Every structure is written in C-alpha cells, then in structure tokens.
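Everything below concerns the one structure shown next.
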Amino acid sequence: DGTVLSAASTVWCTAAWSGTVPGLPRAIPVHPMRGQMLDLPTCPVRLVAYGGGGYLVPRPDGRTYVGATMEDVGFDPTTTGDGLAFLQRVASTLAPALGGLTPLRHAAALRPMTPDHLPIIGQDPGDPSLWYACGHGRNGILLGPLTGRVVGAALAGAHVPFDLTPFSIARLPRIEFGAGAVTKLPDLAARYGSRALLVTGAHSFDASSYAPPLLDGLRARGASFDVVKVAGEPSP
C-alpha cells in the first residue's frame, strides 16, 4: 500500500518467494519445489517409515501422513493425478493396510529450495543490517524453530552457539535473471569471478550468435561459470 517501514535490521524469510522480490543487494537463489501429500484415515504404523520413494508419518489423531513428491514446476501449487497415484503406491508399499483407502486430504505446497539444498542463514556480506533465514527446503518445519532461535539471538546481541558460515549466502553463486542475460556475462565474470551463474531463456540463448564466441572467450581467460537454460524467459 506504499507504506515505508524503517528498521535497524531486517530478516528476509519469505519462503519459496524469497527470490522474487526486487530491491535486495543480490538475487536470492531460492526456487519453489512442489510437494504433494496425502492424509489417510487410519494409522497402521507407530513410527515414521521410509521407502518406495516416500514416507509415512503417524499422527496422534489416528491419521497417516503420506509424503511427498518433489516436482520442479515453478509456482504451481495444484495437485495432480500422477502425484496422487505416486503417493498411493508409497502408502501401499510401506503399509499394505493403507492400500485403496480414500484420502481425507490431497494437498500440495511449495518448498523453498536452494542449489545445494541447505538453508540460507546469516547476514548479507555487503549489508550487515540484512539477515537471511530462508531456503529450508523440505526441512523447514524441523529447522524453523532453531533458525528463529539463532537469528533472534544474533539480532539481540546474544551469543550464537552455532557457526553459521556453512549457511551463508556467500557460499552460493551470484545469479543474473532476465531475457538477454547472456550479454551480461562479461560483467558477471568481472564482478563475481569463478562464482558466476547465468540463468537465461533457452530460446534467446540458443538463437544468439553472440553467445558461442563470448563463452569461448571467457573460457580462454580462465573464467569459470555455469549456464542454466530454462524454457521461458525468467522475470527479473
């Protein structure tokens, strides 16, 4: 609504949408990964069980949680017939008594994934007033309380009993988004050196006569980078 809020520190914890908001010092390498799950009306297991590509979680009220798919489909939170069939196979494989049951609920959610599947926790290297607490993937419900405790302690000036270096955003490649991003490679190489990642639309990259000689020239200068081509033209 146009309201401007000021604070000494800001914590960035916007789940699967962490990489979509402009105005940050850097692009956040978090992308959505859809996970579908089932709730079944009975519970023949006492402990969490893994197998068949999924898992079962017994619930205190007598239901069984069946999870979960891992689908790279962007910001699409819908459920699918294929997802339902997969979860039903997981359930019947791990506990035959669950086979053929009508689900109480078939739902989907978006997990915030990072390239190395580790969360991003800690200060921005260039702006110490900005803290990241995002990218927890499929373990957010497990790691969220500890992340809150650690970041809260740091903001309050208290002792942080864990080394956050392995979770720093500095470990991840810098990212450039946008149609025509191939033309930004020289700047990427100069600014980020060997830690450059180009994300570009497949059509614009493959159709560009500029791309092959540029990449060859960068390699000849010893630059190291990754090129990720996607079907559409990513938004900034």
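Labeling convention for the structure tokens: chains A, B, ... as they appear, residues from 1 per chain, ligands from 1 in order of appearance.
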
_Those in stretch 35-136 of chain A with helix (DSSP H, G or I) from DSSP, as JSON, numbers by chain_ = {"A": [81, 82, 83, 84, 85, 86, 87, 88, 89, 90, 91, 92, 93, 94, 96, 97, 98]}

Mind running stretch 66-101 of chain A against stretch 8-21 of chain A at 12 Å and telling me each contacting residue's nearest atom pair with the distance in Å (one decimal), counting only C-alpha atoms, chain and number ascending, as a Markdown table?
| residue | atom | partner | partner_atom | distance |
| --- | --- | --- | --- | --- |
| A:Gly74 | CA | A:Ala16 | CA | 9.7 |
| A:Phe75 | CA | A:Ala16 | CA | 8.4 |
| A:Asp76 | CA | A:Ala16 | CA | 11.3 |
| A:Pro77 | CA | A:Ala16 | CA | 11.3 |

With a distance cut-off of 8 Å and only C-alpha atoms, select the neighbouring residues of A:Pro115, excluding the residue or stretch itself and same-chain residues fewer than 4 positions from it, and output the selection as an mmCIF file with N, CA and C atoms, in the first residue's frame.
data_model
loop_
_atom_site.group_PDB
_atom_site.id
_atom_site.type_symbol
_atom_site.label_atom_id
_atom_site.label_comp_id
_atom_site.auth_asym_id
_atom_site.auth_seq_id
_atom_site.Cartn_x
_atom_site.Cartn_y
_atom_site.Cartn_z
ATOM 1 N N PRO A 29 19.067 -17.163 -4.473
ATOM 2 C CA PRO A 29 18.945 -18.419 -5.233
ATOM 3 C C PRO A 29 18.031 -19.428 -4.548
ATOM 4 N N VAL A 30 16.772 -19.035 -4.420
ATOM 5 C CA VAL A 30 15.743 -19.914 -3.856
ATOM 6 C C VAL A 30 14.661 -20.082 -4.906
ATOM 7 N N LEU A 172 26.987 -19.426 -2.168
ATOM 8 C CA LEU A 172 26.217 -19.728 -3.372
ATOM 9 C C LEU A 172 26.599 -18.794 -4.509
#

Excluding same-chain residues fewer than 5 positions from A:Pro25, what lies within 9 Å of it counting only C-alpha atoms, as a short mmCIF file (atom, residue, chain, number, x, y, z; two decimals) with N, CA, C and O atoms, in the first residue's frame?
data_model
loop_
_atom_site.label_atom_id
_atom_site.label_comp_id
_atom_site.auth_asym_id
_atom_site.auth_seq_id
_atom_site.Cartn_x
_atom_site.Cartn_y
_atom_site.Cartn_z
N ASP A 124 23.83 -10.57 5.16
CA ASP A 124 24.31 -10.33 3.81
C ASP A 124 25.74 -9.80 3.89
O ASP A 124 26.02 -8.90 4.68
N GLY A 126 27.38 -7.81 2.12
CA GLY A 126 27.53 -6.40 1.80
C GLY A 126 26.65 -5.47 2.61
O GLY A 126 26.83 -4.25 2.57
N ASP A 127 25.70 -6.03 3.35
CA ASP A 127 24.77 -5.21 4.14
C ASP A 127 24.46 -5.94 5.44
O ASP A 127 23.54 -6.74 5.51
#

*Smallest atom-to-atom distance to A:Arg46: which of A:Arg149, A:Ala108, A:Arg34, A:Thr64, using only C-alpha atoms?*
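Going through A:Arg149, A:Ala108, A:Arg34, A:Thr64 one by one, the smallest distance to A:Arg46 is for A:Thr64.
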
*Provide the atom CA of A:Trp131 to atom CA of A:Leu155 distance in Å, to one decimal place.*
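Atom CA of A:Leu155 lies 8.9 Å from atom CA of A:Trp131.
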